[in-house]
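Printed here is run_15.txt (compact mmCIF, C-alpha atoms):
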```
# COMPACT_ATOMS: atom_id res chain seq x y z
CA MET K 1 -34.41 -49.96 -16.47
CA GLU K 2 -37.06 -49.72 -13.83
CA LYS K 3 -36.36 -51.36 -10.57
CA VAL K 4 -38.90 -53.93 -9.76
CA SER K 5 -40.03 -53.50 -6.12
CA GLN K 6 -39.55 -56.64 -4.25
CA ALA K 7 -42.44 -57.59 -1.93
CA LYS K 8 -41.48 -58.35 1.65
CA LYS K 9 -41.41 -61.97 2.37
CA PRO K 10 -44.02 -63.07 4.94
CA LEU K 11 -42.61 -64.20 8.27
CA PRO K 12 -42.63 -67.85 9.01
CA ILE K 13 -45.56 -69.09 10.96
CA HIS K 14 -43.48 -70.12 13.99
CA TRP K 15 -41.89 -66.65 14.26
CA ARG K 16 -45.28 -64.90 14.19
CA ASN K 17 -46.52 -67.19 16.90
CA PHE K 18 -43.48 -66.30 19.06
CA LYS K 19 -44.15 -62.55 18.77
CA MET K 20 -47.80 -62.97 19.69
CA LEU K 21 -46.82 -65.13 22.64
CA LYS K 22 -44.32 -62.46 23.78
CA LYS K 23 -46.97 -59.72 23.72
CA SER K 24 -49.41 -61.94 25.62
CA SER K 25 -46.76 -62.71 28.26
CA LEU K 26 -45.96 -59.03 28.80
CA PHE K 27 -49.64 -58.21 29.19
CA LEU K 28 -50.10 -61.10 31.63
CA LEU K 29 -47.03 -60.00 33.63
CA PHE K 30 -48.45 -56.46 33.87
CA VAL K 31 -51.80 -57.74 35.12
CA ILE K 32 -50.14 -59.92 37.75
CA SER K 33 -47.88 -57.07 38.97
CA TYR K 34 -50.81 -54.68 39.23
CA SER K 35 -52.83 -57.23 41.20
CA LEU K 36 -49.97 -57.78 43.65
CA LEU K 37 -49.47 -54.03 44.12
CA VAL K 38 -53.13 -53.40 44.82
CA GLY K 39 -53.27 -56.36 47.15
CA SER K 40 -50.30 -55.11 49.19
CA VAL K 41 -51.85 -51.65 49.54
CA TYR K 42 -55.08 -53.09 50.85
CA ALA K 43 -53.14 -55.37 53.16
CA ALA K 44 -51.29 -52.35 54.63
CA THR K 45 -54.58 -50.54 55.34
CA PRO K 46 -55.86 -51.33 58.85
CA THR K 47 -59.20 -52.67 57.72
CA SER K 48 -59.88 -53.85 61.27
CA ILE K 49 -60.07 -50.18 62.52
CA PRO K 50 -62.86 -48.05 61.05
CA VAL K 51 -61.92 -44.68 59.59
CA ASP K 52 -63.83 -42.72 62.25
CA LYS K 53 -62.18 -44.73 65.03
CA ALA K 54 -58.71 -44.10 63.61
CA GLN K 55 -59.48 -40.38 63.43
CA GLU K 56 -60.58 -40.43 67.08
CA ILE K 57 -57.31 -42.11 68.16
CA ARG K 58 -55.30 -39.58 66.14
CA ASP K 59 -57.14 -36.63 67.70
CA ARG K 60 -56.68 -38.03 71.19
CA LEU K 61 -52.94 -38.49 70.60
CA ILE K 62 -52.59 -34.90 69.36
CA THR K 63 -54.48 -33.63 72.41
CA ASN K 64 -52.26 -35.59 74.83
CA ILE K 65 -49.09 -34.31 73.16
CA ALA K 66 -50.32 -30.72 73.29
CA SER K 67 -51.23 -31.11 76.97
CA ARG K 68 -47.80 -32.55 77.77
CA VAL K 69 -46.05 -29.69 75.97
CA ALA K 70 -48.14 -27.18 77.93
CA GLN K 71 -47.15 -28.88 81.20
CA LEU K 72 -43.47 -28.77 80.29
CA LYS K 73 -43.69 -25.04 79.63
CA LEU K 74 -45.03 -24.55 83.18
CA VAL K 75 -42.07 -26.36 84.77
CA GLU K 76 -38.51 -25.06 85.01
CA LYS K 77 -35.35 -25.98 86.90
CA ARG K 78 -34.72 -23.68 89.84
CA GLY K 79 -32.63 -23.41 92.99
CA ILE K 80 -33.50 -21.64 96.25
CA ILE K 81 -31.87 -21.07 99.64
CA GLY K 82 -33.80 -20.51 102.82
CA LYS K 83 -34.36 -21.33 106.46
CA VAL K 84 -36.60 -24.26 107.37
CA THR K 85 -39.76 -23.24 109.22
CA ASP K 86 -41.59 -26.57 109.05
CA VAL K 87 -40.79 -30.08 107.84
CA THR K 88 -42.80 -33.29 107.32
CA ASN K 89 -42.12 -36.59 105.58
CA THR K 90 -43.30 -35.20 102.23
CA GLN K 91 -42.83 -31.43 102.45
CA ILE K 92 -40.34 -28.77 103.56
CA THR K 93 -41.47 -25.21 104.22
CA ILE K 94 -38.75 -22.56 104.07
CA THR K 95 -38.42 -18.79 104.23
CA ASP K 96 -36.07 -17.32 101.63
CA SER K 97 -33.85 -14.22 101.84
CA GLN K 98 -36.75 -12.01 100.73
CA ASN K 99 -38.94 -13.36 103.54
CA ASN K 100 -41.13 -15.31 101.09
CA THR K 101 -42.61 -18.64 102.17
CA ARG K 102 -41.74 -21.51 99.83
CA PHE K 103 -43.33 -24.96 99.77
CA VAL K 104 -41.08 -27.79 98.63
CA ASP K 105 -42.31 -31.32 97.96
CA VAL K 106 -40.04 -34.34 98.36
CA ASP K 107 -40.41 -37.89 97.06
CA GLU K 108 -38.43 -41.12 96.88
CA LEU K 109 -36.08 -39.62 94.27
CA THR K 110 -35.06 -36.63 96.43
CA LYS K 111 -31.46 -36.81 97.68
CA PHE K 112 -30.33 -35.23 100.97
CA SER K 113 -26.82 -34.26 102.04
CA ASN K 114 -25.05 -32.64 104.97
CA GLN K 115 -21.26 -32.39 105.00
CA ALA K 116 -21.17 -32.00 108.77
CA PHE K 117 -23.25 -35.14 109.31
CA LYS K 118 -21.61 -38.55 109.56
CA GLY K 119 -23.63 -41.46 108.22
CA THR K 120 -26.90 -41.57 106.33
CA PHE K 121 -28.73 -38.25 106.19
CA GLY K 122 -32.43 -37.88 105.36
CA ILE K 123 -35.41 -35.61 105.74
CA SER K 124 -35.97 -36.80 109.32
CA ASP K 125 -32.58 -35.25 110.23
CA ILE K 126 -33.56 -31.76 109.05
CA GLU K 127 -34.58 -29.48 111.90
CA LYS K 128 -36.41 -26.16 112.07
CA GLY K 129 -34.08 -23.20 111.72
CA THR K 130 -31.67 -25.11 109.46
CA THR K 131 -30.50 -23.30 106.33
CA VAL K 132 -30.86 -25.45 103.22
CA GLY K 133 -30.14 -25.13 99.52
CA ILE K 134 -32.65 -26.85 97.23
CA LEU K 135 -32.46 -27.73 93.52
CA GLY K 136 -35.54 -29.03 91.78
CA LEU K 137 -38.44 -28.52 89.39
CA TYR K 138 -40.54 -25.39 89.97
CA ASN K 139 -44.16 -25.34 88.80
CA LYS K 140 -45.17 -21.82 87.77
CA GLU K 141 -48.88 -22.57 88.15
CA SER K 142 -48.86 -24.13 91.62
CA ARG K 143 -45.76 -22.18 92.75
CA ARG K 144 -44.41 -25.31 94.37
CA MET K 145 -41.08 -27.03 93.89
CA LEU K 146 -40.39 -30.73 93.59
CA ALA K 147 -36.97 -31.17 95.21
CA ARG K 148 -34.30 -33.30 93.60
CA PHE K 149 -31.38 -32.25 95.83
CA VAL K 150 -31.57 -30.86 99.38
CA SER K 151 -28.31 -29.79 101.01
CA VAL K 152 -27.82 -28.38 104.48
CA ILE K 153 -25.80 -25.15 104.32
CA THR K 154 -23.65 -24.29 107.27
CA THR K 155 -23.25 -20.51 107.47
CA PRO K 156 -19.75 -19.67 108.77
CA LEU K 157 -19.51 -17.64 111.95
CA VAL K 158 -16.89 -14.89 112.14
CA ILE K 159 -15.60 -13.58 115.48
CA HIS K 160 -13.28 -10.57 115.73
CA GLY K 161 -11.79 -9.57 119.06
CA GLY K 162 -8.88 -10.00 121.43
CA VAL K 163 -7.43 -13.11 123.08
CA SER K 164 -8.36 -13.00 126.77
CA ALA K 165 -7.22 -16.51 127.78
CA ILE K 166 -5.51 -19.60 126.36
CA ASP K 167 -6.23 -23.20 127.36
CA ASN K 168 -3.19 -25.21 126.25
CA GLU K 169 -4.56 -28.50 127.52
CA ASN K 170 -7.82 -28.37 125.54
CA PHE K 171 -6.38 -26.36 122.64
CA SER K 172 -8.91 -23.57 122.95
CA ILE K 173 -8.77 -19.81 123.31
CA SER K 174 -11.18 -17.30 124.81
CA VAL K 175 -11.97 -14.34 122.56
CA THR K 176 -13.59 -11.14 123.80
CA THR K 177 -15.52 -9.13 121.20
CA GLU K 178 -16.23 -5.40 121.01
CA GLU K 179 -19.65 -6.06 122.51
CA GLY K 180 -18.00 -7.56 125.56
CA LYS K 181 -19.15 -11.09 124.71
CA LEU K 182 -16.85 -13.95 125.56
CA ARG K 183 -16.58 -16.83 123.08
CA THR K 184 -14.52 -20.00 123.42
CA VAL K 185 -12.83 -21.07 120.19
CA ASN K 186 -11.70 -24.66 119.76
CA VAL K 187 -8.62 -25.13 117.57
CA GLU K 188 -8.86 -28.59 116.00
CA ASN K 189 -6.40 -30.60 113.92
CA LEU K 190 -8.15 -29.41 110.76
CA THR K 191 -8.06 -25.76 111.82
CA ARG K 192 -5.77 -23.63 109.67
CA THR K 193 -3.90 -21.04 111.70
CA TYR K 194 -2.21 -18.01 110.16
CA SER K 195 -0.41 -14.90 111.38
CA TYR K 196 0.06 -11.53 109.72
CA THR K 197 3.01 -9.20 110.29
CA GLN K 198 4.41 -6.32 108.30
CA LYS K 199 7.68 -8.14 107.69
CA GLU K 200 6.49 -11.67 106.89
CA GLY K 201 3.00 -10.89 105.66
CA TYR K 202 0.37 -13.61 105.67
CA VAL K 203 2.02 -16.91 106.70
CA ARG K 204 1.03 -20.29 108.13
CA SER K 205 1.39 -20.51 111.90
CA GLY K 206 0.25 -22.62 114.84
CA PHE K 207 -1.68 -22.67 118.10
CA SER K 208 1.46 -22.23 120.22
CA LYS K 209 2.17 -18.86 118.59
CA ILE K 210 -1.06 -17.30 119.87
CA LYS K 211 -0.64 -15.02 122.91
CA GLU K 212 -2.99 -13.12 125.19
CA ASN K 213 -4.19 -9.70 124.02
CA PHE K 214 -3.49 -10.60 120.37
CA ASN K 215 -5.90 -9.15 117.83
CA ILE K 216 -7.55 -12.21 116.32
CA ILE K 217 -10.17 -13.31 113.80
CA ALA K 218 -11.76 -16.76 114.11
CA ILE K 219 -13.95 -18.36 111.43
CA GLY K 220 -15.96 -21.50 112.06
CA VAL K 221 -19.28 -22.97 113.17
CA LEU K 222 -21.12 -23.06 116.46
CA ASP K 223 -20.89 -26.13 118.62
CA LYS K 224 -24.37 -27.69 118.66
CA LYS K 225 -23.94 -28.70 122.30
CA ASP K 226 -22.71 -25.30 123.47
CA ASN K 227 -23.70 -22.05 121.75
CA ALA K 228 -20.94 -20.20 123.59
CA ARG K 229 -18.29 -22.39 121.97
CA MET K 230 -17.13 -22.28 118.36
CA ILE K 231 -15.23 -24.87 116.32
CA ALA K 232 -12.74 -22.95 114.22
CA THR K 233 -11.91 -23.79 110.63
CA LYS K 234 -9.54 -20.82 110.25
CA VAL K 235 -7.77 -18.55 112.74
CA ILE K 236 -5.83 -15.40 111.84
CA PHE K 237 -3.98 -13.37 114.50
CA PHE K 238 -2.19 -10.03 114.18
CA PRO K 239 0.67 -9.64 116.72
CA GLU K 240 1.54 -6.11 115.53
CA ILE K 241 -1.95 -4.67 115.20
CA PRO K 242 -3.50 -3.60 118.51
CA SER K 243 -7.11 -4.37 119.27
CA SER K 244 -9.74 -1.68 118.98
CA PRO K 245 -10.38 0.50 122.07
CA LYS K 246 -13.67 -1.30 122.72
CA VAL K 247 -11.95 -4.68 122.67
CA ASN K 248 -9.15 -3.42 124.94
CA SER K 249 -11.71 -2.08 127.40
CA ALA K 250 -13.54 -5.42 127.37
CA LEU K 251 -10.26 -7.31 127.84
CA GLU K 252 -9.32 -5.16 130.85
CA HIS K 253 -12.72 -5.83 132.37
CA VAL K 254 -12.31 -9.60 131.84
CA GLN K 255 -8.79 -9.65 133.29
CA LYS K 256 -9.87 -7.69 136.38
CA SER K 257 -12.68 -10.13 137.00
CA LYS K 258 -10.35 -13.14 137.00
```

Using structure tokens, write down the structure that the file contains.
Amino acid sequence: MEKVSQAKKPLPIHWRNFKMLKKSSLFLLFVISYSLLVGSVYAATPTSIPVDKAQEIRDRLITNIASRVAQLKLVEKRGIIGKVTDVTNTQITITDSQNNTRFVDVDELTKFSNQAFKGTFGISDIEKGTTVGILGLYNKESRRMLARFVSVITTPLVIHGGVSAIDNENFSISVTTEEGKLRTVNVENLTRTYSYTQKEGYVRSGFSKIKENFNIIAIGVLDKKDNARMIATKVIFFPEIPSSPKVNSALEHVQKSK
């Protein structure tokens, strides 16, 4: 028997209307979404600034950045040590160890220090002939430095000779050098005194152990008020080691003249 094909039943009218409404809603939703997207893009575009003006601002910004990078390449951190030859409120001129003249600028950010100075220390306290150490920014083009830290460096003075006299009241000793120069050495509370012998070696000692004609080394700084006097930070004496012939000759001359 032949199968009789059954024709599809037509959809109800209300169902067809629902499908058409669904398609129309999807299309309407797409149109609305597209309109909102385009609107937001145009809103994000700076319509108030013309295209040529925006390009000009961009080019100017790129130029400023490139100029700043070039300036940074010309500047490097550097430190120098030298003796002050001239000083003003805004500049310090120094001569370094290679006898080169260096110009150092100072500003309100520059910090000054001096360990031997009590109280506030500034550029007005720096004198000609002072040795300073400077840290700052060096400009390779101008060959000038902008100082950030300026410190006064006290170069230690070393005296080697023989003890020609001892002042127990003022805690000072007179030392005669090979050149025949006489230097007074003050032994302060902060002075460290040592002795050296073959048996005991290098040991801590005191002022009362120092005797005349002892071979002695004194390390310290000059007294600003008296260039013939030194303030010792360390004293080392050698009871068993005789002074050099030159020192002995100078000591004999000093003792005869007393």

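Distance-wise, atom CA of K:Ala232 and atom CA of K:Arg204 end up 15.3 Å apart.
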
Item to check | Gap from atom CA of K:Glu127 to atom CA of K:Asn114 - Å, one decimal | outcome: 12.2 Å

Using only C-alpha atoms - which residues lie no farther than 6 Å from the point (-16.1, -8.7, 117.5) in the file's frame? Write them as a PDB file with C-alpha atoms, in the coordinates of the input.
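As a result, point_5.pdb now contains:
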```pdb
ATOM      1  CA  ILE K 159     -15.600 -13.580 115.480  1.00  0.00           C
ATOM      2  CA  HIS K 160     -13.280 -10.570 115.730  1.00  0.00           C
ATOM      3  CA  GLY K 161     -11.790  -9.570 119.060  1.00  0.00           C
ATOM      4  CA  THR K 177     -15.520  -9.130 121.200  1.00  0.00           C
ATOM      5  CA  GLU K 178     -16.230  -5.400 121.010  1.00  0.00           C
TER       6      GLU K 178
END
```

Checklist outcome for this item: Counting only C-alpha atoms, closest pick from K:Leu146, K:Val132, K:Ile210, K:Val247 relative to K:Asp96 is K:Val132

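Distance check against K:Gln115 using all atoms listed in the file: of K:Ile134, K:Val203, K:Ala218, K:Ile153, the minimum falls on K:Ile153.
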
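Our summary of the geometry notes that atom CA of K:Leu109 is positioned 18.3 Å from atom CA of K:Thr93.
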
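Residue nearest K:Phe103 within the list K:Gly136, K:Gly122, K:Lys77, K:Ile219: K:Gly136 [criterion: smallest interatomic distance, only C-alpha atoms].
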